[in-house]
$ cat upload.pdb   # PDB, C-alpha atoms and all ligand atoms
ATOM      1  CA  MET Q 698     -91.253 -19.486   3.595  1.00  0.00           C
ATOM      2  CA  ILE Q 699     -91.337 -18.697   7.301  1.00  0.00           C
ATOM      3  CA  GLN Q 700     -88.013 -19.340   8.992  1.00  0.00           C
ATOM      4  CA  SER Q 701     -88.206 -21.726  11.937  1.00  0.00           C
ATOM      5  CA  TYR Q 702     -86.836 -19.119  14.307  1.00  0.00           C
ATOM      6  CA  GLN Q 703     -89.647 -16.720  13.404  1.00  0.00           C
ATOM      7  CA  ARG Q 704     -91.937 -19.032  15.384  1.00  0.00           C
ATOM      8  CA  LEU Q 705     -90.038 -18.060  18.531  1.00  0.00           C
ATOM      9  CA  LEU Q 706     -90.416 -14.324  17.948  1.00  0.00           C
ATOM     10  CA  ASP Q 707     -94.118 -14.722  17.161  1.00  0.00           C
ATOM     11  CA  GLY Q 708     -94.520 -16.921  20.224  1.00  0.00           C
ATOM     12  CA  ASN Q 709     -92.881 -14.248  22.329  1.00  0.00           C
ATOM     13  CA  LYS Q 710     -95.404 -11.614  21.200  1.00  0.00           C
ATOM     14  CA  LYS Q 711     -98.325 -13.906  21.998  1.00  0.00           C
ATOM     15  CA  TRP Q 712     -96.837 -14.746  25.392  1.00  0.00           C
ATOM     16  CA  VAL Q 713     -96.473 -11.050  26.250  1.00  0.00           C
ATOM     17  CA  GLU Q 714    -100.111 -10.450  25.273  1.00  0.00           C
ATOM     18  CA  THR Q 715    -101.302 -13.330  27.464  1.00  0.00           C
ATOM     19  CA  LYS Q 716     -99.268 -12.196  30.450  1.00  0.00           C
ATOM     20  CA  LEU Q 717    -100.475  -8.610  30.140  1.00  0.00           C
ATOM     21  CA  THR Q 718    -104.092  -9.734  29.862  1.00  0.00           C
ATOM     22  CA  LEU Q 719    -103.757 -11.564  33.187  1.00  0.00           C
ATOM     23  CA  ASP Q 720    -101.694  -8.867  34.870  1.00  0.00           C
ATOM     24  CA  PRO Q 721    -101.032  -5.496  33.178  1.00  0.00           C
ATOM     25  CA  GLU Q 722     -98.100  -4.884  35.551  1.00  0.00           C
ATOM     26  CA  TYR Q 723     -96.498  -8.334  35.158  1.00  0.00           C
ATOM     27  CA  PHE Q 724     -93.323  -7.100  33.446  1.00  0.00           C
ATOM     28  CA  GLN Q 725     -93.053  -3.878  35.430  1.00  0.00           C
ATOM     29  CA  ASN Q 726     -93.049  -5.946  38.603  1.00  0.00           C
ATOM     30  CA  LEU Q 727     -90.487  -8.455  37.284  1.00  0.00           C
ATOM     31  CA  ASN Q 728     -88.302  -5.548  36.202  1.00  0.00           C
ATOM     32  CA  LYS Q 729     -87.963  -4.390  39.824  1.00  0.00           C
ATOM     33  CA  GLY Q 730     -85.686  -7.322  40.687  1.00  0.00           C
ATOM     34  CA  GLN Q 731     -85.485 -11.014  41.456  1.00  0.00           C
ATOM     35  CA  LYS Q 732     -85.753 -12.847  44.765  1.00  0.00           C
ATOM     36  CA  PRO Q 733     -85.889 -16.547  43.867  1.00  0.00           C
ATOM     37  CA  ASP Q 734     -85.831 -19.154  46.651  1.00  0.00           C
ATOM     38  CA  PHE Q 735     -84.376 -21.863  44.443  1.00  0.00           C
ATOM     39  CA  LEU Q 736     -81.236 -22.613  42.473  1.00  0.00           C
ATOM     40  CA  TRP Q 737     -81.842 -25.291  39.860  1.00  0.00           C
ATOM     41  CA  VAL Q 738     -79.004 -27.430  38.540  1.00  0.00           C
ATOM     42  CA  GLY Q 739     -80.442 -29.371  35.641  1.00  0.00           C
ATOM     43  CA  CYS Q 740     -79.635 -30.983  32.319  1.00  0.00           C
ATOM     44  CA  SER Q 741     -79.481 -28.905  29.128  1.00  0.00           C
ATOM     45  CA  ASP Q 742     -81.909 -31.371  27.519  1.00  0.00           C
ATOM     46  CA  SER Q 743     -84.650 -29.398  25.737  1.00  0.00           C
ATOM     47  CA  ARG Q 744     -87.322 -31.572  27.347  1.00  0.00           C
ATOM     48  CA  VAL Q 745     -86.536 -30.543  30.915  1.00  0.00           C
ATOM     49  CA  PRO Q 746     -87.349 -26.828  31.255  1.00  0.00           C
ATOM     50  CA  ALA Q 747     -87.166 -25.942  34.957  1.00  0.00           C
ATOM     51  CA  ASN Q 748     -90.074 -23.518  35.159  1.00  0.00           C
ATOM     52  CA  GLU Q 749     -92.458 -25.454  32.969  1.00  0.00           C
ATOM     53  CA  ILE Q 750     -92.131 -28.842  34.695  1.00  0.00           C
ATOM     54  CA  THR Q 751     -92.446 -27.293  38.151  1.00  0.00           C
ATOM     55  CA  GLY Q 752     -95.389 -25.070  37.291  1.00  0.00           C
ATOM     56  CA  THR Q 753     -93.442 -21.978  38.320  1.00  0.00           C
ATOM     57  CA  GLU Q 754     -93.083 -18.506  36.880  1.00  0.00           C
ATOM     58  CA  SER Q 755     -90.378 -16.109  35.823  1.00  0.00           C
ATOM     59  CA  GLY Q 756     -88.612 -14.943  38.960  1.00  0.00           C
ATOM     60  CA  ASP Q 757     -89.099 -18.188  40.900  1.00  0.00           C
ATOM     61  CA  ILE Q 758     -85.969 -20.177  40.025  1.00  0.00           C
ATOM     62  CA  PHE Q 759     -82.342 -19.230  39.341  1.00  0.00           C
ATOM     63  CA  VAL Q 760     -81.164 -21.750  36.762  1.00  0.00           C
ATOM     64  CA  HIS Q 761     -77.947 -23.444  35.702  1.00  0.00           C
ATOM     65  CA  ARG Q 762     -78.064 -26.213  33.112  1.00  0.00           C
ATOM     66  CA  ASN Q 763     -75.346 -28.290  31.503  1.00  0.00           C
ATOM     67  CA  ILE Q 764     -74.981 -31.754  29.973  1.00  0.00           C
ATOM     68  CA  ALA Q 765     -76.132 -34.277  32.603  1.00  0.00           C
ATOM     69  CA  ASN Q 766     -76.397 -31.724  35.451  1.00  0.00           C
ATOM     70  CA  VAL Q 767     -72.834 -32.023  36.689  1.00  0.00           C
ATOM     71  CA  VAL Q 768     -71.288 -29.934  39.490  1.00  0.00           C
ATOM     72  CA  VAL Q 769     -67.587 -29.404  38.710  1.00  0.00           C
ATOM     73  CA  HIS Q 770     -65.616 -27.334  41.205  1.00  0.00           C
ATOM     74  CA  THR Q 771     -63.272 -25.949  38.517  1.00  0.00           C
ATOM     75  CA  ASP Q 772     -66.218 -24.838  36.340  1.00  0.00           C
ATOM     76  CA  LEU Q 773     -65.996 -21.049  36.585  1.00  0.00           C
ATOM     77  CA  ASN Q 774     -69.441 -20.674  35.041  1.00  0.00           C
ATOM     78  CA  PHE Q 775     -71.182 -22.938  37.525  1.00  0.00           C
ATOM     79  CA  MET Q 776     -69.221 -21.726  40.548  1.00  0.00           C
ATOM     80  CA  SER Q 777     -70.129 -18.125  39.701  1.00  0.00           C
ATOM     81  CA  VAL Q 778     -73.802 -19.081  39.434  1.00  0.00           C
ATOM     82  CA  LEU Q 779     -73.583 -20.892  42.780  1.00  0.00           C
ATOM     83  CA  GLN Q 780     -71.859 -18.029  44.554  1.00  0.00           C
ATOM     84  CA  TYR Q 781     -74.311 -15.454  43.259  1.00  0.00           C
ATOM     85  CA  ALA Q 782     -77.328 -17.627  44.078  1.00  0.00           C
ATOM     86  CA  VAL Q 783     -76.194 -18.406  47.618  1.00  0.00           C
ATOM     87  CA  GLN Q 784     -74.462 -15.207  48.681  1.00  0.00           C
ATOM     88  CA  VAL Q 785     -76.425 -12.523  46.847  1.00  0.00           C
ATOM     89  CA  LEU Q 786     -79.831 -13.990  46.083  1.00  0.00           C
ATOM     90  CA  ASN Q 787     -79.843 -15.977  49.323  1.00  0.00           C
ATOM     91  CA  VAL Q 788     -81.604 -19.001  47.884  1.00  0.00           C
ATOM     92  CA  ARG Q 789     -82.624 -21.493  50.559  1.00  0.00           C
ATOM     93  CA  HIS Q 790     -82.849 -24.553  48.320  1.00  0.00           C
ATOM     94  CA  ILE Q 791     -80.537 -25.938  45.666  1.00  0.00           C
ATOM     95  CA  ILE Q 792     -82.112 -28.601  43.494  1.00  0.00           C
ATOM     96  CA  VAL Q 793     -80.045 -30.992  41.406  1.00  0.00           C
ATOM     97  CA  CYS Q 794     -82.549 -32.407  38.945  1.00  0.00           C
ATOM     98  CA  GLY Q 795     -81.411 -35.136  36.594  1.00  0.00           C
ATOM     99  CA  HIS Q 796     -83.685 -37.002  34.239  1.00  0.00           C
ATOM    100  CA  TYR Q 797     -84.103 -40.582  33.139  1.00  0.00           C
ATOM    101  CA  ASN Q 798     -83.015 -41.450  29.593  1.00  0.00           C
ATOM    102  CA  CYS Q 799     -80.355 -38.719  29.766  1.00  0.00           C
ATOM    103  CA  GLY Q 800     -78.263 -38.578  26.596  1.00  0.00           C
ATOM    104  CA  GLY Q 801     -75.180 -37.464  28.516  1.00  0.00           C
ATOM    105  CA  VAL Q 802     -75.409 -40.361  30.949  1.00  0.00           C
ATOM    106  CA  ASN Q 803     -76.110 -42.823  28.126  1.00  0.00           C
ATOM    107  CA  ALA Q 804     -73.050 -41.554  26.245  1.00  0.00           C
ATOM    108  CA  ALA Q 805     -70.901 -41.906  29.358  1.00  0.00           C
ATOM    109  CA  LEU Q 806     -71.898 -45.569  29.518  1.00  0.00           C
ATOM    110  CA  THR Q 807     -70.392 -46.255  26.103  1.00  0.00           C
ATOM    111  CA  HIS Q 808     -66.756 -46.539  25.032  1.00  0.00           C
ATOM    112  CA  THR Q 809     -67.174 -44.186  22.079  1.00  0.00           C
ATOM    113  CA  ASN Q 810     -64.596 -41.428  21.734  1.00  0.00           C
ATOM    114  CA  HIS Q 811     -66.693 -38.246  21.661  1.00  0.00           C
ATOM    115  CA  GLY Q 812     -63.736 -35.833  21.474  1.00  0.00           C
ATOM    116  CA  MET Q 813     -64.082 -32.671  23.568  1.00  0.00           C
ATOM    117  CA  VAL Q 814     -67.114 -33.903  25.414  1.00  0.00           C
ATOM    118  CA  ASN Q 815     -65.089 -36.873  26.771  1.00  0.00           C
ATOM    119  CA  LYS Q 816     -63.753 -34.469  29.393  1.00  0.00           C
ATOM    120  CA  TRP Q 817     -67.239 -33.633  30.576  1.00  0.00           C
ATOM    121  CA  LEU Q 818     -68.581 -37.205  30.448  1.00  0.00           C
ATOM    122  CA  ARG Q 819     -65.546 -38.291  32.436  1.00  0.00           C
ATOM    123  CA  ASN Q 820     -67.292 -36.853  35.502  1.00  0.00           C
ATOM    124  CA  ILE Q 821     -70.124 -39.332  34.999  1.00  0.00           C
ATOM    125  CA  LYS Q 822     -67.757 -42.211  34.302  1.00  0.00           C
ATOM    126  CA  GLU Q 823     -66.168 -41.454  37.682  1.00  0.00           C
ATOM    127  CA  VAL Q 824     -69.590 -41.873  39.288  1.00  0.00           C
ATOM    128  CA  TYR Q 825     -69.875 -45.225  37.511  1.00  0.00           C
ATOM    129  CA  ALA Q 826     -66.441 -46.333  38.733  1.00  0.00           C
ATOM    130  CA  LYS Q 827     -67.384 -45.403  42.287  1.00  0.00           C
ATOM    131  CA  ASN Q 828     -70.518 -47.555  42.090  1.00  0.00           C
ATOM    132  CA  SER Q 829     -69.294 -50.233  39.678  1.00  0.00           C
ATOM    133  CA  SER Q 830     -70.195 -53.250  41.779  1.00  0.00           C
ATOM    134  CA  LEU Q 831     -73.853 -52.212  41.827  1.00  0.00           C
ATOM    135  CA  LEU Q 832     -73.974 -51.018  38.207  1.00  0.00           C
ATOM    136  CA  ASP Q 833     -72.069 -54.012  36.787  1.00  0.00           C
ATOM    137  CA  SER Q 834     -74.743 -56.263  38.282  1.00  0.00           C
ATOM    138  CA  ILE Q 835     -77.485 -54.653  36.147  1.00  0.00           C
ATOM    139  CA  SER Q 836     -77.555 -56.242  32.694  1.00  0.00           C
ATOM    140  CA  ASP Q 837     -80.344 -54.220  31.063  1.00  0.00           C
ATOM    141  CA  PHE Q 838     -78.825 -51.072  29.510  1.00  0.00           C
ATOM    142  CA  ASN Q 839     -81.765 -48.769  30.239  1.00  0.00           C
ATOM    143  CA  GLU Q 840     -82.047 -49.954  33.799  1.00  0.00           C
ATOM    144  CA  LYS Q 841     -78.313 -49.495  34.289  1.00  0.00           C
ATOM    145  CA  ALA Q 842     -78.439 -46.025  32.712  1.00  0.00           C
ATOM    146  CA  ASN Q 843     -81.349 -44.940  34.891  1.00  0.00           C
ATOM    147  CA  LYS Q 844     -79.581 -46.145  38.031  1.00  0.00           C
ATOM    148  CA  LEU Q 845     -76.523 -44.142  36.953  1.00  0.00           C
ATOM    149  CA  VAL Q 846     -78.784 -41.095  36.463  1.00  0.00           C
ATOM    150  CA  GLU Q 847     -79.823 -41.403  40.124  1.00  0.00           C
ATOM    151  CA  LEU Q 848     -76.289 -42.043  41.395  1.00  0.00           C
ATOM    152  CA  ASN Q 849     -75.044 -39.073  39.353  1.00  0.00           C
ATOM    153  CA  VAL Q 850     -77.607 -36.774  41.000  1.00  0.00           C
ATOM    154  CA  ILE Q 851     -76.563 -38.013  44.441  1.00  0.00           C
ATOM    155  CA  GLU Q 852     -72.893 -37.387  43.602  1.00  0.00           C
ATOM    156  CA  GLN Q 853     -73.649 -33.838  42.439  1.00  0.00           C
ATOM    157  CA  VAL Q 854     -75.584 -33.112  45.649  1.00  0.00           C
ATOM    158  CA  ARG Q 855     -72.444 -34.186  47.511  1.00  0.00           C
ATOM    159  CA  ASN Q 856     -70.221 -32.099  45.231  1.00  0.00           C
ATOM    160  CA  LEU Q 857     -72.288 -29.048  46.149  1.00  0.00           C
ATOM    161  CA  ALA Q 858     -71.874 -29.775  49.846  1.00  0.00           C
ATOM    162  CA  LYS Q 859     -68.102 -29.968  49.350  1.00  0.00           C
ATOM    163  CA  THR Q 860     -67.913 -26.312  48.242  1.00  0.00           C
ATOM    164  CA  SER Q 861     -66.869 -23.597  50.678  1.00  0.00           C
ATOM    165  CA  ILE Q 862     -69.758 -21.503  49.328  1.00  0.00           C
ATOM    166  CA  VAL Q 863     -72.356 -23.964  50.637  1.00  0.00           C
ATOM    167  CA  GLN Q 864     -70.461 -24.614  53.851  1.00  0.00           C
ATOM    168  CA  GLU Q 865     -70.151 -20.901  54.634  1.00  0.00           C
ATOM    169  CA  ALA Q 866     -73.895 -20.518  54.084  1.00  0.00           C
ATOM    170  CA  TRP Q 867     -74.580 -23.424  56.463  1.00  0.00           C
ATOM    171  CA  LYS Q 868     -72.842 -21.453  59.242  1.00  0.00           C
ATOM    172  CA  ASN Q 869     -75.393 -18.676  58.941  1.00  0.00           C
ATOM    173  CA  HIS Q 870     -78.716 -19.940  57.712  1.00  0.00           C
ATOM    174  CA  SER Q 871     -80.726 -22.813  56.349  1.00  0.00           C
ATOM    175  CA  LEU Q 872     -79.711 -24.132  52.919  1.00  0.00           C
ATOM    176  CA  GLN Q 873     -81.024 -27.464  51.693  1.00  0.00           C
ATOM    177  CA  ILE Q 874     -79.587 -29.372  48.748  1.00  0.00           C
ATOM    178  CA  HIS Q 875     -82.070 -31.721  47.112  1.00  0.00           C
ATOM    179  CA  GLY Q 876     -81.624 -34.545  44.605  1.00  0.00           C
ATOM    180  CA  TRP Q 877     -84.467 -35.135  42.152  1.00  0.00           C
ATOM    181  CA  VAL Q 878     -84.979 -37.079  38.933  1.00  0.00           C
ATOM    182  CA  TYR Q 879     -87.486 -36.150  36.246  1.00  0.00           C
ATOM    183  CA  GLY Q 880     -89.260 -38.829  34.247  1.00  0.00           C
ATOM    184  CA  LEU Q 881     -89.488 -37.894  30.579  1.00  0.00           C
ATOM    185  CA  ASP Q 882     -92.151 -40.568  30.053  1.00  0.00           C
ATOM    186  CA  SER Q 883     -94.407 -39.481  32.921  1.00  0.00           C
ATOM    187  CA  GLY Q 884     -93.638 -35.812  33.484  1.00  0.00           C
ATOM    188  CA  LEU Q 885     -93.261 -36.571  37.170  1.00  0.00           C
ATOM    189  CA  ILE Q 886     -90.346 -35.642  39.408  1.00  0.00           C
ATOM    190  CA  LYS Q 887     -89.076 -38.229  41.885  1.00  0.00           C
ATOM    191  CA  ASP Q 888     -87.450 -36.966  45.087  1.00  0.00           C
ATOM    192  CA  LEU Q 889     -84.486 -39.256  45.797  1.00  0.00           C
ATOM    193  CA  ASN Q 890     -84.632 -38.170  49.460  1.00  0.00           C
ATOM    194  CA  VAL Q 891     -80.923 -37.491  49.645  1.00  0.00           C
ATOM    195  CA  MET Q 892     -81.185 -33.974  51.054  1.00  0.00           C
ATOM    196  CA  MET Q 893     -78.049 -32.477  52.601  1.00  0.00           C
ATOM    197  CA  LYS Q 894     -78.559 -29.548  54.961  1.00  0.00           C
ATOM    198  CA  GLU Q 895     -75.660 -29.371  57.389  1.00  0.00           C
ATOM    199  CA  ILE Q 896     -71.921 -29.973  57.611  1.00  0.00           C
ATOM    200  CA  GLU Q 897     -72.465 -33.226  59.513  1.00  0.00           C
ATOM    201  CA  ASP Q 898     -73.990 -34.680  56.330  1.00  0.00           C
ATOM    202  CA  LEU Q 899     -70.513 -34.623  54.782  1.00  0.00           C
ATOM    203  CA  GLU Q 900     -67.451 -36.756  55.595  1.00  0.00           C
ATOM    204  CA  PRO Q 901     -65.007 -34.850  57.857  1.00  0.00           C
ATOM    205  CA  ILE Q 902     -62.212 -34.678  55.267  1.00  0.00           C
ATOM    206  CA  PHE Q 903     -64.332 -32.398  53.071  1.00  0.00           C
ATOM    207  CA  ARG Q 904     -65.268 -29.947  55.814  1.00  0.00           C
ATOM    208  CA  PHE Q 905     -63.726 -26.470  55.868  1.00  0.00           C
ATOM    209  CA  SER Q 906     -63.194 -24.750  59.209  1.00  0.00           C
TER     210      SER Q 906
HETATM  211 CO    CO Q1001     -79.821 -35.114  30.025  1.00  0.00          CO
END

$ encode --input "upload.pdb" --output "structure tokens"
Amino acid sequence: MIQSYQRLLDGNKKWVETKLTLDPEYFQNLNKGQKPDFLWVGCSDSRVPANEITGTESGDIFVHRNIANVVVHTDLNFMSVLQYAVQVLNVRHIIVCGHYNCGGVNAALTHTNHGMVNKWLRNIKEVYAKNSSLLDSISDFNEKANKLVELNVIEQVRNLAKTSIVQEAWKNHSLQIHGWVYGLDSGLIKDLNVMMKEIEDLEPIFRFS
């Protein structure tokens, strides 16, 4: 019986063959280094692969993914990714891309005790609390959850702007932070048009000198 993981190794060989047929130097060129223009902050959900849904290639996007695409300023993993992307790779766009029907957001809407993951979902519950008057007025669960998906993306765009890493970059060059939501049922990405691109987009209390 073929093990399920063998499919991945076989798939890899086929993928290499295809790439080399189209461009014999594809891997040699990638091996020289990366210069992506984009940092992607997305959900770990297996149905939202950054490159595939944006029609991009290896080398195009620097990627960070976690449950429900949350930006937490004490997350050493994420903050290291952000610093490297902004200060070393010099990306000019950071994209927070959530997705409708997000399991993390749905879980945050319940009162179930999920153990460890409570601490992570707490970040999303805080977004709910901040927007409770709007969200409480939506009775349909899916509609409420999808609105929270959008509000969560907006909050994470703002969380990025609150970092000294982004603010230092803004002093020197263009850096746009975008908020998008991917539709699992359509394959289409919706731009929430909440771009932040300068210190004036942020309340004064969060600005570093
Ligand atoms: Co998700």

$ residues_around --input "upload.pdb" --residues "Ile758 of chain Q" --least-positions-apart "3" --cutoff "9 Å" --atoms "all atoms listed in the file" --output "PyMOL selection string"
chain Q and resi 732-737+747-748+753-755

$ closest_atom_pairs --input "upload.pdb" --of "chain Q" --to "ligand CO 1001 (chain Q)" --cutoff "7 Å" --atoms "all atoms listed in the file" --output "Markdown table"
| residue | atom | partner | partner_atom | distance |
| --- | --- | --- | --- | --- |
| Q:Cys740 | CA | Q:CO1001 | CO | 4.7 |
| Q:Ser741 | CA | Q:CO1001 | CO | 6.3 |
| Q:Asp742 | CA | Q:CO1001 | CO | 5.0 |
| Q:Ile764 | CA | Q:CO1001 | CO | 5.9 |
| Q:Ala765 | CA | Q:CO1001 | CO | 4.6 |
| Q:Gly795 | CA | Q:CO1001 | CO | 6.8 |
| Q:His796 | CA | Q:CO1001 | CO | 6.0 |
| Q:Cys799 | CA | Q:CO1001 | CO | 3.7 |
| Q:Gly800 | CA | Q:CO1001 | CO | 5.1 |
| Q:Gly801 | CA | Q:CO1001 | CO | 5.4 |
| Q:Val802 | CA | Q:CO1001 | CO | 6.9 |

$ closest_residue --input "upload.pdb" --among "Q:Ile851, Q:Val846, Q:Leu727, Q:Ile862" --to "Val778 of chain Q" --atoms "all atoms listed in the file"
Q:Ile862

$ resolve_selection --input "upload.pdb" --expression "the PyMOL selection byres (((chain Q and resi 888-896) around 7) and not hetatm)" --output "ChimeraX atom specification"
/Q:851,864,867,872-878,886-887,897-899,904

$ closest_residue --input "upload.pdb" --among "Q:Asn803, Q:Asn849, Q:Gln780, Q:Thr809" --to "Ala866 of chain Q" --atoms "all atoms listed in the file"
Q:Gln780

$ resolve_selection --input "upload.pdb" --expression "the PyMOL selection byres (((chain Q and resi 860) around 12) and not hetatm)" --output "compact mmCIF listing (two decimals) with C-alpha atoms, in the coordinates of the input"
# COMPACT_ATOMS: atom_id res chain seq x y z
CA VAL Q 768 -71.29 -29.93 39.49
CA VAL Q 769 -67.59 -29.40 38.71
CA HIS Q 770 -65.62 -27.33 41.20
CA THR Q 771 -63.27 -25.95 38.52
CA PHE Q 775 -71.18 -22.94 37.52
CA MET Q 776 -69.22 -21.73 40.55
CA LEU Q 779 -73.58 -20.89 42.78
CA GLN Q 780 -71.86 -18.03 44.55
CA VAL Q 783 -76.19 -18.41 47.62
CA GLN Q 853 -73.65 -33.84 42.44
CA VAL Q 854 -75.58 -33.11 45.65
CA ARG Q 855 -72.44 -34.19 47.51
CA ASN Q 856 -70.22 -32.10 45.23
CA LEU Q 857 -72.29 -29.05 46.15
CA ALA Q 858 -71.87 -29.78 49.85
CA LYS Q 859 -68.10 -29.97 49.35
CA SER Q 861 -66.87 -23.60 50.68
CA ILE Q 862 -69.76 -21.50 49.33
CA VAL Q 863 -72.36 -23.96 50.64
CA GLN Q 864 -70.46 -24.61 53.85
CA GLU Q 865 -70.15 -20.90 54.63
CA ALA Q 866 -73.90 -20.52 54.08
CA TRP Q 867 -74.58 -23.42 56.46
CA ILE Q 896 -71.92 -29.97 57.61
CA LEU Q 899 -70.51 -34.62 54.78
CA PHE Q 903 -64.33 -32.40 53.07
CA ARG Q 904 -65.27 -29.95 55.81
CA PHE Q 905 -63.73 -26.47 55.87

$ atom_distance --input "upload.pdb" --atom1 "atom CA of Gly739 of chain Q" --atom2 "atom CA of Val767 of chain Q"
8.1 Å

$ residues_around --input "upload.pdb" --residues "Ala842 of chain Q" --least-positions-apart "2" --cutoff "8 Å" --atoms "all atoms listed in the file" --output "short mmCIF file (atom, residue, chain, number, x, y, z; two decimals) with C-alpha atoms, keeping the file's coordinate frame"
data_model
loop_
_atom_site.label_atom_id
_atom_site.label_comp_id
_atom_site.auth_asym_id
_atom_site.auth_seq_id
_atom_site.Cartn_x
_atom_site.Cartn_y
_atom_site.Cartn_z
CA TYR Q 797 -84.10 -40.58 33.14
CA ASN Q 798 -83.02 -41.45 29.59
CA VAL Q 802 -75.41 -40.36 30.95
CA ASN Q 803 -76.11 -42.82 28.13
CA LEU Q 806 -71.90 -45.57 29.52
CA PHE Q 838 -78.82 -51.07 29.51
CA ASN Q 839 -81.76 -48.77 30.24
CA GLU Q 840 -82.05 -49.95 33.80
CA LYS Q 844 -79.58 -46.14 38.03
CA LEU Q 845 -76.52 -44.14 36.95
CA VAL Q 846 -78.78 -41.10 36.46
#

$ closest_residue --input "upload.pdb" --among "Q:Thr751, Q:Gln703, Q:Asn763, Q:Trp712" --to "Val814 of chain Q" --atoms "only C-alpha atoms"
Q:Asn763

$ atom_distance --input "upload.pdb" --atom1 "atom CA of Phe759 of chain Q" --atom2 "atom CA of Gln784 of chain Q"
12.9 Å

$ residues_around --input "upload.pdb" --residues "Ile750 of chain Q" --least-positions-apart "6" --cutoff "10 Å" --atoms "all atoms listed in the file" --output "list in words"
Arg744, Tyr879, Gly884, Leu885 and Ile886 of chain Q

$ write_last_selection --input "upload.pdb" --atoms "C-alpha atoms" --output "PDB file, in the coordinates of the input"
ATOM      1  CA  ARG Q 744     -87.322 -31.572  27.347  1.00  0.00           C
ATOM      2  CA  TYR Q 879     -87.486 -36.150  36.246  1.00  0.00           C
ATOM      3  CA  GLY Q 884     -93.638 -35.812  33.484  1.00  0.00           C
ATOM      4  CA  LEU Q 885     -93.261 -36.571  37.170  1.00  0.00           C
ATOM      5  CA  ILE Q 886     -90.346 -35.642  39.408  1.00  0.00           C
TER       6      ILE Q 886
END

$ atom_distance --input "upload.pdb" --atom1 "atom CA of Lys729 of chain Q" --atom2 "atom CA of Ile791 of chain Q"
23.5 Å

$ build_atoms --input "upload.pdb" --residues "segment 727-731 of chain Q" --atoms "all heavy atoms" --output "PDB file, keeping the file's coordinate frame"
ATOM      1  N   LEU Q 727     -91.689  -7.626  37.456  1.00  0.00           N
ATOM      2  CA  LEU Q 727     -90.487  -8.455  37.284  1.00  0.00           C
ATOM      3  C   LEU Q 727     -89.248  -7.577  37.127  1.00  0.00           C
ATOM      4  O   LEU Q 727     -88.156  -7.918  37.583  1.00  0.00           O
ATOM      5  CB  LEU Q 727     -90.631  -9.351  36.049  1.00  0.00           C
ATOM      6  CG  LEU Q 727     -91.408 -10.661  36.202  1.00  0.00           C
ATOM      7  CD1 LEU Q 727     -91.461 -11.368  34.860  1.00  0.00           C
ATOM      8  CD2 LEU Q 727     -90.786 -11.569  37.258  1.00  0.00           C
ATOM      9  N   ASN Q 728     -89.417  -6.451  36.489  1.00  0.00           N
ATOM     10  CA  ASN Q 728     -88.302  -5.548  36.202  1.00  0.00           C
ATOM     11  C   ASN Q 728     -87.691  -4.952  37.468  1.00  0.00           C
ATOM     12  O   ASN Q 728     -86.553  -4.487  37.466  1.00  0.00           O
ATOM     13  CB  ASN Q 728     -88.781  -4.444  35.259  1.00  0.00           C
ATOM     14  CG  ASN Q 728     -87.624  -3.647  34.681  1.00  0.00           C
ATOM     15  OD1 ASN Q 728     -86.584  -4.211  34.337  1.00  0.00           O
ATOM     16  ND2 ASN Q 728     -87.785  -2.343  34.594  1.00  0.00           N
ATOM     17  N   LYS Q 729     -88.451  -4.986  38.571  1.00  0.00           N
ATOM     18  CA  LYS Q 729     -87.963  -4.390  39.824  1.00  0.00           C
ATOM     19  C   LYS Q 729     -86.820  -5.199  40.427  1.00  0.00           C
ATOM     20  O   LYS Q 729     -86.019  -4.669  41.187  1.00  0.00           O
ATOM     21  CB  LYS Q 729     -89.109  -4.296  40.837  1.00  0.00           C
ATOM     22  CG  LYS Q 729     -90.135  -3.220  40.491  1.00  0.00           C
ATOM     23  CD  LYS Q 729     -91.309  -3.268  41.460  1.00  0.00           C
ATOM     24  CE  LYS Q 729     -92.440  -2.351  40.999  1.00  0.00           C
ATOM     25  NZ  LYS Q 729     -93.726  -2.708  41.655  1.00  0.00           N
ATOM     26  N   GLY Q 730     -86.764  -6.494  40.131  1.00  0.00           N
ATOM     27  CA  GLY Q 730     -85.686  -7.322  40.687  1.00  0.00           C
ATOM     28  C   GLY Q 730     -86.134  -8.747  40.889  1.00  0.00           C
ATOM     29  O   GLY Q 730     -87.311  -9.075  40.723  1.00  0.00           O
ATOM     30  N   GLN Q 731     -85.147  -9.611  41.227  1.00  0.00           N
ATOM     31  CA  GLN Q 731     -85.485 -11.014  41.456  1.00  0.00           C
ATOM     32  C   GLN Q 731     -85.175 -11.418  42.885  1.00  0.00           C
ATOM     33  O   GLN Q 731     -84.223 -10.933  43.487  1.00  0.00           O
ATOM     34  CB  GLN Q 731     -84.745 -11.926  40.475  1.00  0.00           C
ATOM     35  CG  GLN Q 731     -83.223 -11.881  40.574  1.00  0.00           C
ATOM     36  CD  GLN Q 731     -82.542 -12.973  39.740  1.00  0.00           C
ATOM     37  OE1 GLN Q 731     -83.126 -14.011  39.454  1.00  0.00           O
ATOM     38  NE2 GLN Q 731     -81.296 -12.734  39.353  1.00  0.00           N
TER      39      GLN Q 731
END
